[in-house]
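Q: File follows, run_17.pdb with PDB, C-alpha atoms:
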ATOM      1  CA  MET A   1       0.000   0.000   0.000
ATOM      2  CA  GLN A   2       2.758   2.386   1.038
ATOM      3  CA  ARG A   3       4.750   1.505  -2.060
ATOM      4  CA  LYS A   4       1.782   2.325  -4.289
ATOM      5  CA  LEU A   5       1.379   5.698  -2.619
ATOM      6  CA  ILE A   6       5.048   6.531  -3.209
ATOM      7  CA  ILE A   7       4.743   5.590  -6.869
ATOM      8  CA  ILE A   8       1.616   7.703  -7.339
ATOM      9  CA  ALA A   9       3.190  10.686  -5.568
ATOM     10  CA  SER A  10       6.356  10.481  -7.642
ATOM     11  CA  LEU A  11       4.286  10.226 -10.820
ATOM     12  CA  LEU A  12       2.305  13.316  -9.845
ATOM     13  CA  ILE A  13       5.449  15.319  -9.011
ATOM     14  CA  GLY A  14       7.100  14.177 -12.244
ATOM     15  CA  SER A  15       4.147  15.177 -14.374
ATOM     16  CA  PHE A  16       3.920  18.560 -12.621
ATOM     17  CA  TYR A  17       7.648  19.216 -13.143
ATOM     18  CA  SER A  18       7.500  18.185 -16.801
ATOM     19  CA  GLY A  19       4.479  20.461 -17.256
ATOM     20  CA  VAL A  20       6.395  23.421 -15.828
ATOM     21  CA  VAL A  21       9.426  22.688 -18.005
ATOM     22  CA  HIS A  22       7.224  22.279 -21.037
ATOM     23  CA  ALA A  23       5.450  25.541 -20.309
ATOM     24  CA  GLN A  24       8.825  27.329 -20.086
ATOM     25  CA  GLN A  25      10.014  25.778 -23.303
ATOM     26  CA  THR A  26       6.883  26.661 -25.171
ATOM     27  CA  THR A  27       7.030  30.353 -24.083
ATOM     28  CA  ALA A  28       7.652  32.130 -27.320
ATOM     29  CA  LEU A  29      11.178  33.450 -27.522
ATOM     30  CA  GLU A  30      11.899  36.776 -29.117
ATOM     31  CA  PRO A  31      14.108  36.617 -32.193
ATOM     32  CA  ASP A  32      17.691  35.946 -31.068
ATOM     33  CA  GLN A  33      16.652  35.713 -27.398
ATOM     34  CA  ASN A  34      18.814  33.483 -25.249
ATOM     35  CA  PRO A  35      16.783  30.313 -24.496
ATOM     36  CA  ARG A  36      18.278  30.178 -20.977
ATOM     37  CA  TYR A  37      17.028  33.639 -20.046
ATOM     38  CA  LEU A  38      14.899  32.247 -17.226
ATOM     39  CA  GLU A  39      17.977  31.227 -15.237
ATOM     40  CA  SER A  40      19.062  34.846 -15.134
ATOM     41  CA  GLN A  41      15.549  36.058 -14.403
ATOM     42  CA  TYR A  42      15.271  33.786 -11.360
ATOM     43  CA  LYS A  43      18.699  34.881 -10.146
ATOM     44  CA  TYR A  44      17.800  38.593 -10.162
ATOM     45  CA  MET A  45      14.242  38.056  -8.935
ATOM     46  CA  ARG A  46      15.622  37.559  -5.408
ATOM     47  CA  GLY A  47      17.637  40.790  -5.161
ATOM     48  CA  ALA A  48      15.514  43.093  -7.283
ATOM     49  CA  ASP A  49      13.527  44.621  -4.426
ATOM     50  CA  SER A  50      16.517  45.649  -2.336
ATOM     51  CA  LEU A  51      18.371  47.071  -5.343
ATOM     52  CA  ASN A  52      15.380  48.896  -6.723
ATOM     53  CA  SER A  53      14.742  50.620  -3.407
ATOM     54  CA  LEU A  54      17.988  52.545  -4.043
ATOM     55  CA  HIS A  55      16.652  54.199  -7.181
ATOM     56  CA  GLY A  56      16.978  57.944  -7.045
ATOM     57  CA  THR A  57      19.320  57.902  -4.059
ATOM     58  CA  THR A  58      23.001  58.703  -3.608
ATOM     59  CA  ILE A  59      25.158  55.920  -2.258
ATOM     60  CA  GLN A  60      27.777  57.526  -0.047
ATOM     61  CA  ASN A  61      31.021  55.728  -0.654
ATOM     62  CA  THR A  62      33.331  58.552   0.404
ATOM     63  CA  TYR A  63      37.009  58.466   1.355
ATOM     64  CA  LYS A  64      39.054  60.674   3.662
ATOM     65  CA  ALA A  65      41.440  62.857   1.741
ATOM     66  CA  TYR A  66      44.614  63.995   3.501
ATOM     67  CA  ASP A  67      44.666  67.733   3.948
ATOM     68  CA  TRP A  68      47.686  69.125   5.784
ATOM     69  CA  TYR A  69      45.840  72.172   7.092
ATOM     70  CA  GLU A  70      42.744  70.251   8.162
ATOM     71  CA  ALA A  71      44.940  67.600   9.796
ATOM     72  CA  ARG A  72      46.717  70.282  11.835
ATOM     73  CA  LEU A  73      43.421  71.763  13.000
ATOM     74  CA  GLU A  74      42.199  68.291  13.898
ATOM     75  CA  ARG A  75      45.430  67.529  15.791
ATOM     76  CA  ARG A  76      45.087  70.711  17.814
ATOM     77  CA  ARG A  77      41.457  70.016  18.552
ATOM     78  CA  GLN A  78      42.336  66.506  19.655
ATOM     79  CA  ASN A  79      45.114  67.761  21.936
ATOM     80  CA  ARG A  80      42.751  70.252  23.544
ATOM     81  CA  GLU A  81      40.247  67.485  24.070
ATOM     82  CA  TRP A  82      42.865  65.214  25.644
ATOM     83  CA  ARG A  83      44.092  67.969  27.977
ATOM     84  CA  HIS A  84      40.534  68.627  29.009
ATOM     85  CA  GLN A  85      39.995  64.945  29.704
ATOM     86  CA  GLU A  86      43.218  64.735  31.711
ATOM     87  CA  ARG A  87      42.164  67.712  33.806
ATOM     88  CA  MET A  88      38.775  66.142  34.371
ATOM     89  CA  ASN A  89      40.566  62.990  35.565
ATOM     90  CA  GLY A  90      42.659  64.912  38.059
ATOM     91  CA  TYR A  91      45.824  65.532  36.054
ATOM     92  CA  ASP A  92      46.978  69.033  35.462
ATOM     93  CA  TYR A  93      49.649  69.612  32.869
ATOM     94  CA  SER A  94      49.696  73.327  33.278
ATOM     95  CA  PRO A  95      52.614  74.724  35.311
ATOM     96  CA  SER A  96      51.705  75.817  38.842
ATOM     97  CA  TRP A  97      53.364  77.282  41.932
ATOM     98  CA  SER A  98      53.095  75.459  45.216
ATOM     99  CA  LEU A  99      52.510  76.951  48.660
ATOM    100  CA  TYR A 100      56.198  76.894  49.658
ATOM    101  CA  GLY A 101      57.561  78.572  46.613
ATOM    102  CA  GLY A 102      58.275  75.420  44.693
ATOM    103  CA  TYR A 103      57.465  74.949  41.067
ATOM    104  CA  SER A 104      55.973  71.711  40.014
ATOM    105  CA  TYR A 105      54.471  70.019  37.017
ATOM    106  CA  PRO A 106      52.826  67.727  36.325
ATOM    107  CA  TYR A 107      51.288  66.369  39.452
ATOM    108  CA  SER A 108      48.346  64.358  40.404
ATOM    109  CA  ASN A 109      46.135  64.360  43.422
ATOM    110  CA  TRP A 110      46.083  60.626  43.155
ATOM    111  CA  GLY A 111      49.829  60.170  43.489
ATOM    112  CA  TRP A 112      51.573  58.415  46.327
ATOM    113  CA  ASN A 113      55.191  59.090  47.178
ATOM    114  CA  SER A 114      57.787  57.684  49.407
ATOM    115  CA  GLY A 115      60.173  60.591  48.980
ATOM    116  CA  TRP A 116      61.090  62.775  51.872
ATOM    117  CA  GLY A 117      59.320  66.062  51.962
ATOM    118  CA  GLY A 118      55.978  64.846  50.762
ATOM    119  CA  SER A 119      56.259  65.606  47.130
ATOM    120  CA  TRP A 120      53.501  64.810  44.734
ATOM    121  CA  GLY A 121      53.885  62.320  41.973
ATOM    122  CA  ASN A 122      52.138  61.180  38.930
ATOM    123  CA  ARG A 123      51.767  57.638  37.674
ATOM    124  CA  TRP A 124      55.216  57.583  36.079
ATOM    125  CA  GLY A 125      56.991  58.747  39.205
ATOM    126  CA  GLY A 126      56.548  62.370  39.924
ATOM    127  CA  HIS A 127      58.876  65.008  41.192
ATOM    128  CA  GLY A 128      58.246  68.180  43.050
ATOM    129  CA  ARG A 129      59.344  70.494  45.782
ATOM    130  CA  GLY A 130      59.392  69.436  49.419
ATOM    131  CA  TRP A 131      59.804  71.383  52.606
ATOM    132  CA  GLY A 132      62.359  74.113  52.709
ATOM    133  CA  GLY A 133      62.662  74.350  48.993
ATOM    134  CA  ARG A 134      64.688  71.163  48.604
ATOM    135  CA  THR A 135      64.045  69.058  45.624
ATOM    136  CA  SER A 136      62.881  65.570  46.299
ATOM    137  CA  VAL A 137      62.208  62.771  43.946
ATOM    138  CA  GLY A 138      59.366  60.443  44.722
ATOM    139  CA  ILE A 139      58.179  57.160  43.380
ATOM    140  CA  GLY A 140      54.552  57.501  42.601
ATOM    141  CA  PHE A 141      51.858  55.635  40.935
ATOM    142  CA  GLY A 142      48.393  56.474  40.035
ATOM    143  CA  TRP A 143      45.543  55.460  37.832
TER     144      TRP A 143
ATOM    145  CA  MET B   1      23.725 114.436  38.280
ATOM    146  CA  LYS B   2      25.534 115.002  35.008
ATOM    147  CA  PHE B   3      27.958 112.232  35.837
ATOM    148  CA  ASN B   4      25.093 109.788  36.501
ATOM    149  CA  LYS B   5      23.532 110.590  33.143
ATOM    150  CA  PHE B   6      26.843 110.094  31.446
ATOM    151  CA  ILE B   7      27.241 106.693  33.089
ATOM    152  CA  ALA B   8      23.708 105.671  32.076
ATOM    153  CA  VAL B   9      24.296 106.696  28.458
ATOM    154  CA  ALA B  10      27.639 104.947  28.375
ATOM    155  CA  ALA B  11      26.148 101.757  29.849
ATOM    156  CA  LEU B  12      23.385 101.797  27.260
ATOM    157  CA  ALA B  13      25.854 102.322  24.446
ATOM    158  CA  VAL B  14      28.110  99.523  25.661
ATOM    159  CA  SER B  15      25.204  97.116  26.117
ATOM    160  CA  GLY B  16      23.939  98.040  22.644
ATOM    161  CA  MET B  17      27.339  97.334  21.163
ATOM    162  CA  LEU B  18      27.542  94.033  23.011
ATOM    163  CA  VAL B  19      24.125  92.956  21.769
ATOM    164  CA  ALA B  20      24.990  94.012  18.214
ATOM    165  CA  SER B  21      28.331  92.207  18.281
ATOM    166  CA  CYS B  22      26.841  88.962  19.614
ATOM    167  CA  SER B  23      23.782  88.811  17.362
ATOM    168  CA  ARG B  24      23.833  86.573  14.288
ATOM    169  CA  GLN B  25      23.184  88.149  10.937
ATOM    170  CA  VAL B  26      21.259  86.281   8.262
ATOM    171  CA  THR B  27      20.736  87.705   4.803
ATOM    172  CA  ARG B  28      18.785  86.151   1.961
ATOM    173  CA  VAL B  29      20.888  85.834  -1.170
ATOM    174  CA  SER B  30      20.116  84.785  -4.699
ATOM    175  CA  THR B  31      20.517  81.065  -5.378
ATOM    176  CA  ASP B  32      22.373  82.026  -8.551
ATOM    177  CA  GLU B  33      24.987  83.915  -6.611
ATOM    178  CA  THR B  34      28.266  82.128  -6.020
ATOM    179  CA  ILE B  35      29.443  82.351  -2.420
ATOM    180  CA  ASP B  36      32.452  80.191  -1.588
ATOM    181  CA  ILE B  37      33.184  79.895   2.104
ATOM    182  CA  SER B  38      35.064  76.724   2.913
ATOM    183  CA  GLY B  39      35.986  75.571  -0.561
ATOM    184  CA  ASN B  40      33.878  72.445  -0.157
ATOM    185  CA  TRP B  41      31.162  71.322  -2.550
ATOM    186  CA  ASN B  42      28.334  73.855  -2.423
ATOM    187  CA  ASN B  43      25.140  74.956  -4.144
ATOM    188  CA  SER B  44      27.046  76.720  -6.923
ATOM    189  CA  ASP B  45      28.777  73.476  -7.883
ATOM    190  CA  SER B  46      25.470  71.661  -7.875
ATOM    191  CA  ARG B  47      23.916  74.368 -10.030
ATOM    192  CA  LEU B  48      26.793  74.271 -12.528
ATOM    193  CA  VAL B  49      26.514  70.494 -12.816
ATOM    194  CA  ALA B  50      22.739  70.611 -13.229
ATOM    195  CA  ALA B  51      22.856  73.305 -15.924
ATOM    196  CA  ASP B  52      25.607  71.626 -17.900
ATOM    197  CA  LEU B  53      24.259  68.069 -17.758
ATOM    198  CA  THR B  54      20.666  69.104 -18.425
ATOM    199  CA  ASP B  55      21.750  70.920 -21.548
ATOM    200  CA  LYS B  56      23.850  67.987 -22.720
ATOM    201  CA  ILE B  57      21.290  65.255 -22.100
ATOM    202  CA  LEU B  58      18.448  67.106 -23.788
ATOM    203  CA  ASN B  59      20.435  68.017 -26.870
ATOM    204  CA  ALA B  60      22.124  64.676 -27.424
ATOM    205  CA  ASN B  61      21.238  62.308 -30.267
ATOM    206  CA  TRP B  62      19.777  59.532 -28.172
ATOM    207  CA  ILE B  63      16.277  61.101 -28.100
ATOM    208  CA  ASN B  64      16.029  61.333 -31.889
ATOM    209  CA  THR B  65      17.472  57.855 -32.316
ATOM    210  CA  HIS B  66      14.908  56.427 -29.921
ATOM    211  CA  GLN B  67      12.034  58.176 -31.648
ATOM    212  CA  GLN B  68      13.168  56.918 -35.040
ATOM    213  CA  GLU B  69      13.300  53.356 -33.746
ATOM    214  CA  HIS B  70       9.956  53.530 -31.901
ATOM    215  CA  GLN B  71       7.587  55.289 -34.288
ATOM    216  CA  GLY B  72       8.099  58.724 -32.774
ATOM    217  CA  LYS B  73       7.418  57.655 -29.193
ATOM    218  CA  ARG B  74       9.199  59.606 -26.473
ATOM    219  CA  PRO B  75      11.726  57.665 -24.387
ATOM    220  CA  VAL B  76      10.762  56.683 -20.841
ATOM    221  CA  VAL B  77      13.498  57.134 -18.240
ATOM    222  CA  ILE B  78      13.888  55.973 -14.654
ATOM    223  CA  VAL B  79      16.517  57.455 -12.348
ATOM    224  CA  GLY B  80      18.787  54.859 -10.773
ATOM    225  CA  PHE B  81      21.351  55.542  -8.098
ATOM    226  CA  VAL B  82      24.365  57.817  -8.065
ATOM    227  CA  GLN B  83      27.526  56.679  -6.317
ATOM    228  CA  ASN B  84      29.393  59.348  -4.425
ATOM    229  CA  LYS B  85      33.019  58.209  -4.408
ATOM    230  CA  SER B  86      34.422  61.632  -3.576
ATOM    231  CA  HIS B  87      35.947  62.790  -0.273
ATOM    232  CA  GLU B  88      32.888  64.846   0.714
ATOM    233  CA  HIS B  89      29.302  64.128   1.508
ATOM    234  CA  ILE B  90      27.432  65.119  -1.648
ATOM    235  CA  ASP B  91      23.794  64.424  -2.314
ATOM    236  CA  ALA B  92      23.259  64.042  -6.048
ATOM    237  CA  GLU B  93      19.546  64.684  -5.716
ATOM    238  CA  THR B  94      20.214  68.432  -5.800
ATOM    239  CA  PHE B  95      21.290  68.292  -9.437
ATOM    240  CA  VAL B  96      19.536  65.097 -10.596
ATOM    241  CA  LYS B  97      16.201  66.685  -9.668
ATOM    242  CA  ASP B  98      17.023  69.584 -11.970
ATOM    243  CA  VAL B  99      17.639  67.142 -14.809
ATOM    244  CA  GLU B 100      14.339  65.360 -14.067
ATOM    245  CA  SER B 101      12.544  68.673 -13.950
ATOM    246  CA  ALA B 102      13.950  69.585 -17.375
ATOM    247  CA  PHE B 103      12.706  66.243 -18.791
ATOM    248  CA  ILE B 104       9.169  67.075 -17.778
ATOM    249  CA  GLN B 105       9.233  70.758 -18.670
ATOM    250  CA  THR B 106      10.601  70.212 -22.166
ATOM    251  CA  GLN B 107       8.254  67.248 -22.778
ATOM    252  CA  LYS B 108      11.073  65.510 -24.655
ATOM    253  CA  VAL B 109      11.451  62.637 -22.204
ATOM    254  CA  ARG B 110       8.930  60.788 -20.059
ATOM    255  CA  LEU B 111       9.875  60.012 -16.496
ATOM    256  CA  VAL B 112       8.701  57.159 -14.284
ATOM    257  CA  GLN B 113       8.976  57.001 -10.534
ATOM    258  CA  GLY B 114      11.389  54.606  -8.872
ATOM    259  CA  GLY B 115      12.739  53.600  -5.474
ATOM    260  CA  LYS B 116      10.884  54.322  -2.261
ATOM    261  CA  LYS B 117       8.404  56.615  -4.005
ATOM    262  CA  ARG B 118       7.390  53.827  -6.335
ATOM    263  CA  GLU B 119       6.941  51.538  -3.334
ATOM    264  CA  GLU B 120       4.675  54.149  -1.787
ATOM    265  CA  LEU B 121       2.650  54.381  -5.000
ATOM    266  CA  ARG B 122       2.152  50.636  -5.088
ATOM    267  CA  ALA B 123       1.178  50.602  -1.437
ATOM    268  CA  GLU B 124      -1.389  53.282  -2.162
ATOM    269  CA  LYS B 125      -2.680  51.230  -5.090
ATOM    270  CA  GLU B 126      -2.932  48.231  -2.813
ATOM    271  CA  ASP B 127      -4.909  50.286  -0.313
ATOM    272  CA  GLN B 128      -7.302  51.366  -3.054
ATOM    273  CA  GLN B 129      -8.110  47.736  -3.844
ATOM    274  CA  THR B 130     -10.086  47.488  -0.618
ATOM    275  CA  ASN B 131     -11.020  51.062   0.210
ATOM    276  CA  ALA B 132     -11.659  53.034  -2.981
ATOM    277  CA  THR B 133     -14.773  52.931  -5.116
ATOM    278  CA  VAL B 134     -14.573  50.490  -8.010
ATOM    279  CA  SER B 135     -14.748  53.253 -10.586
ATOM    280  CA  SER B 136     -11.824  55.199  -9.057
ATOM    281  CA  MET B 137      -9.684  52.230  -8.067
ATOM    282  CA  LYS B 138      -6.352  51.999  -9.922
ATOM    283  CA  LYS B 139      -5.274  48.632 -11.254
ATOM    284  CA  PHE B 140      -1.987  46.807 -10.863
ATOM    285  CA  GLY B 141       0.065  45.869 -13.897
ATOM    286  CA  LEU B 142      -0.505  49.013 -15.928
ATOM    287  CA  GLU B 143       2.639  50.951 -15.115
ATOM    288  CA  ASN B 144       4.888  52.365 -17.813
ATOM    289  CA  GLY B 145       8.088  50.385 -18.151
ATOM    290  CA  ALA B 146      11.218  52.477 -18.485
ATOM    291  CA  ASP B 147      13.302  52.282 -21.667
ATOM    292  CA  TYR B 148      16.396  53.792 -20.107
ATOM    293  CA  ILE B 149      17.965  54.099 -16.666
ATOM    294  CA  LEU B 150      19.937  57.164 -15.590
ATOM    295  CA  GLN B 151      22.868  56.338 -13.321
ATOM    296  CA  GLY B 152      25.834  58.317 -12.139
ATOM    297  CA  SER B 153      28.961  58.718 -10.105
ATOM    298  CA  ILE B 154      30.864  61.504  -8.374
ATOM    299  CA  ASN B 155      34.639  61.295  -8.049
ATOM    300  CA  SER B 156      37.223  63.662  -6.630
ATOM    301  CA  ILE B 157      40.964  64.197  -6.442
ATOM    302  CA  VAL B 158      42.513  66.299  -3.672
ATOM    303  CA  ASP B 159      46.009  67.709  -3.880
ATOM    304  CA  ALA B 160      46.864  69.553  -0.673
ATOM    305  CA  HIS B 161      50.045  70.885   0.860
ATOM    306  CA  LYS B 162      50.236  73.183   3.867
ATOM    307  CA  ARG B 163      47.700  75.931   3.298
ATOM    308  CA  GLN B 164      47.095  75.294  -0.383
ATOM    309  CA  LYS B 165      44.699  72.824  -1.893
ATOM    310  CA  VAL B 166      43.413  71.939  -5.339
ATOM    311  CA  VAL B 167      40.195  69.933  -5.411
ATOM    312  CA  TYR B 168      38.929  68.338  -8.576
ATOM    313  CA  TYR B 169      35.426  66.945  -8.918
ATOM    314  CA  GLN B 170      34.128  64.867 -11.785
ATOM    315  CA  VAL B 171      30.416  64.170 -12.019
ATOM    316  CA  ASN B 172      29.279  61.583 -14.541
ATOM    317  CA  LEU B 173      25.757  60.706 -15.555
ATOM    318  CA  GLU B 174      25.037  57.933 -17.989
ATOM    319  CA  LEU B 175      21.969  56.627 -19.698
ATOM    320  CA  THR B 176      21.661  52.952 -20.489
ATOM    321  CA  ASN B 177      19.108  51.075 -22.557
ATOM    322  CA  ILE B 178      17.488  48.634 -20.118
ATOM    323  CA  GLN B 179      16.650  46.105 -22.825
ATOM    324  CA  THR B 180      20.022  45.943 -24.506
ATOM    325  CA  ASN B 181      22.447  47.272 -21.811
ATOM    326  CA  GLU B 182      23.726  49.700 -24.416
ATOM    327  CA  VAL B 183      25.002  52.971 -22.996
ATOM    328  CA  VAL B 184      23.398  55.613 -25.179
ATOM    329  CA  TRP B 185      24.681  58.764 -23.508
ATOM    330  CA  ILE B 186      27.386  59.810 -21.049
ATOM    331  CA  GLY B 187      27.649  63.303 -19.689
ATOM    332  CA  GLU B 188      30.363  64.672 -17.498
ATOM    333  CA  LYS B 189      31.030  67.854 -15.653
ATOM    334  CA  LYS B 190      34.437  68.675 -14.245
ATOM    335  CA  ILE B 191      35.043  71.291 -11.576
ATOM    336  CA  ALA B 192      38.427  72.290 -10.194
ATOM    337  CA  LYS B 193      38.964  74.597  -7.236
ATOM    338  CA  TYR B 194      42.045  76.224  -5.787
ATOM    339  CA  VAL B 195      41.692  76.834  -2.064
ATOM    340  CA  LYS B 196      44.167  78.790   0.026
ATOM    341  CA  ASN B 197      43.696  78.858   3.784
TER     342      ASN B 197
END
Represent the structure of the file as structure tokens.

A:
Amino acid sequence: MQRKLIIIASLLIGSFYSGVVHAQQTTALEPDQNPRYLESQYKYMRGADSLNSLHGTTIQNTYKAYDWYEARLERRRQNREWRHQERMNGYDYSPSWSLYGGYSYPYSNWGWNSGWGGSWGNRWGGHGRGWGGRTSVGIGFGW
Amino acid sequence: MKFNKFIAVAALAVSGMLVASCSRQVTRVSTDETIDISGNWNNSDSRLVAADLTDKILNANWINTHQQEHQGKRPVVIVGFVQNKSHEHIDAETFVKDVESAFIQTQKVRLVQGGKKREELRAEKEDQQTNATVSSMKKFGLENGADYILQGSINSIVDAHKRQKVVYYQVNLELTNIQTNEVVWIGEKKIAKYVKN
């Protein structure tokens, strides 16, 4: 019984497929038209909608051209931005005078030092002025 | 008393000057006037491209050739996409619309809608199938098929050193026969600018 059903189903599918093929073959071709045109038509049927939605639009495929003057302006802007960020994070790269007449830069409020005189340090090992105007070098770290 | 008056007048004058110096000035100018500020692509470039390409496309041979081959029928054109491969953001619609407008005004070329606008039209048609009266309902499958597609590209070359810069733009539009893939017209407009900062 099952075998008969399989045979009938395969016969039906076969006849349907041959009908479709026959219908394609009997579609009248234009003079000199490629008989395999349907292969191409099916291929582009899938992507037509997405491509056609771009009609009338501008696809932006730009590149960045090097401009010495613009690059300099950008570099300066970037440096200003970085300095601002550093200041916001507690670093100050601008020169400043301490309470005891010392001159120090750069320093960080986050620094920790083992040097005598309580100098301030930055993350790379700061230096500064200690008591009595003597220079001390500290080992500092920060984050 | 006199001194107080003098101070009041001076304060008013200073505040007036401050207000005047801080206020923004906006003046309407003619769209045909060329005002170059940064040296980048601007409305004048777009206008030059539109004028030049419109003139070229409408006076080229392809229209006559098409009419001879199709019993005097006017060609139907659809606008495809334009690729901006330059170094600046440029929207080609500013000059392509001028070309489209010239097609319609001169009645030499017929134009069909494409892209998102065409999708909207079909959606509207679909809506009419269930909501409009039968007599006013528009049918599917009766659109005009385009004979040609208008495509384009924008390219640029930048030569800059220190404060000097030469920028070269090349805008190309081309018209291709959809049936045969034959390119029937190519128009180009070249613009070069010297910019000194």

Q: Please define a box with edges along x, y and z of the file around all atoms of stretch 153-157 of chain B given in the file, extend it by 8 Å on each side, and return its centre and edge lengths in Å to one decimal, as AutoDock Vina command-line options.

A:
--center_x 35.0 --center_y 61.5 --center_z -8.3 --size_x 28.0 --size_y 21.5 --size_z 19.7

Q: Given the ChimeraX specification (/B :<7) & /A and the file above, list the residues it selects as number ranges by chain.

A: A: 52-65, 67-69

Q: I'd like the interatomic distance between atom CA of B:Ile37 and atom CA of B:Lys189, to a tenth of an Å.

A: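 We find that atom CA of B:Ile37 and atom CA of B:Lys189 lie 21.6 Å from each other.
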
Q: Pull out every residue that the PyMOL selection byres ((chain B and resi 26-32) around 12) matches in the shown coordinates and put them as a list in words.

A: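 Listing what the PyMOL selection byres ((chain B and resi 26-32) around 12) selects in the shown file: Ser23, Arg24, Gln25, Glu33, Thr34, Ile35, Asn42, Asn43, Ser44, Asp45, Ser46, Arg47, Leu48 and Ala51 of chain B.
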
Q: Excluding stretch 123-126 of chain B and any residue of its chain fewer than 4 positions from it, enumerate the residues within 10 Å of it, using all atoms listed in the file, and give them as number ranges by chain.

A: B: 117-119, 130-132, 137-140

Q: Just give me the gap between atom CA of B:Glu174 and atom CA of B:Thr106 in Å, one decimal is fine.

A: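 Atom CA of B:Thr106 lies at a distance of 19.4 Å from atom CA of B:Glu174.
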
Q: For the point (20.0, 51.4, -21.0) in the file's frame, write as a tab-separated table (two decimals) with C-alpha atoms, in the frame of the given file all residues with an atom no more than 10 Å away, counting all atoms listed in the file.

A:
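That gives us point_37.tsv:
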chain	number	residue	atom	x	y	z
B	77	VAL	CA	13.50	57.13	-18.24
B	78	ILE	CA	13.89	55.97	-14.65
B	146	ALA	CA	11.22	52.48	-18.48
B	147	ASP	CA	13.30	52.28	-21.67
B	148	TYR	CA	16.40	53.79	-20.11
B	149	ILE	CA	17.96	54.10	-16.67
B	150	LEU	CA	19.94	57.16	-15.59
B	151	GLN	CA	22.87	56.34	-13.32
B	174	GLU	CA	25.04	57.93	-17.99
B	175	LEU	CA	21.97	56.63	-19.70
B	176	THR	CA	21.66	52.95	-20.49
B	177	ASN	CA	19.11	51.08	-22.56
B	178	ILE	CA	17.49	48.63	-20.12
B	179	GLN	CA	16.65	46.10	-22.82
B	180	THR	CA	20.02	45.94	-24.51
B	181	ASN	CA	22.45	47.27	-21.81
B	182	GLU	CA	23.73	49.70	-24.42
B	183	VAL	CA	25.00	52.97	-23.00
B	184	VAL	CA	23.40	55.61	-25.18
B	185	TRP	CA	24.68	58.76	-23.51

Q: Work out how far apart atom CA of B:Asn59 and atom CA of B:Ala192 are and give it in Å to one decimal.

A: 24.9 Å

Q: Mind listing as a list in words all residues within 6 Å of (37.8, 69.7, -6.0), counting all atoms listed in the file?

A: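 It turns out the residues near that spot are Val167, Tyr168, Tyr169, Ala192 and Lys193 of chain B.
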
Q: Identify all residues satisfying the PyMOL selection byres ((chain B and resi 62-66) around 8) in the given file; provide them as a PDB file with C-alpha atoms, in the coordinates of the input.

A:
ATOM      1  CA  LEU B  58      18.448  67.106 -23.788  1.00  0.00           C
ATOM      2  CA  ALA B  60      22.124  64.676 -27.424  1.00  0.00           C
ATOM      3  CA  ASN B  61      21.238  62.308 -30.267  1.00  0.00           C
ATOM      4  CA  GLN B  67      12.034  58.176 -31.648  1.00  0.00           C
ATOM      5  CA  GLN B  68      13.168  56.918 -35.040  1.00  0.00           C
ATOM      6  CA  GLU B  69      13.300  53.356 -33.746  1.00  0.00           C
ATOM      7  CA  HIS B  70       9.956  53.530 -31.901  1.00  0.00           C
ATOM      8  CA  GLY B  72       8.099  58.724 -32.774  1.00  0.00           C
ATOM      9  CA  LYS B  73       7.418  57.655 -29.193  1.00  0.00           C
ATOM     10  CA  ARG B  74       9.199  59.606 -26.473  1.00  0.00           C
ATOM     11  CA  PRO B  75      11.726  57.665 -24.387  1.00  0.00           C
ATOM     12  CA  LYS B 108      11.073  65.510 -24.655  1.00  0.00           C
ATOM     13  CA  VAL B 109      11.451  62.637 -22.204  1.00  0.00           C
ATOM     14  CA  VAL B 184      23.398  55.613 -25.179  1.00  0.00           C
ATOM     15  CA  TRP B 185      24.681  58.764 -23.508  1.00  0.00           C
TER      16      TRP B 185
END

Q: Out of B:Gly145, B:Asn4, B:Val49, B:Val76, which residue has the shortest atom-to-atom distance to B:Asp98 when counting all atoms listed in the file?

A: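 Among B:Gly145, B:Asn4, B:Val49, B:Val76, it is B:Val49 that comes nearest to B:Asp98.
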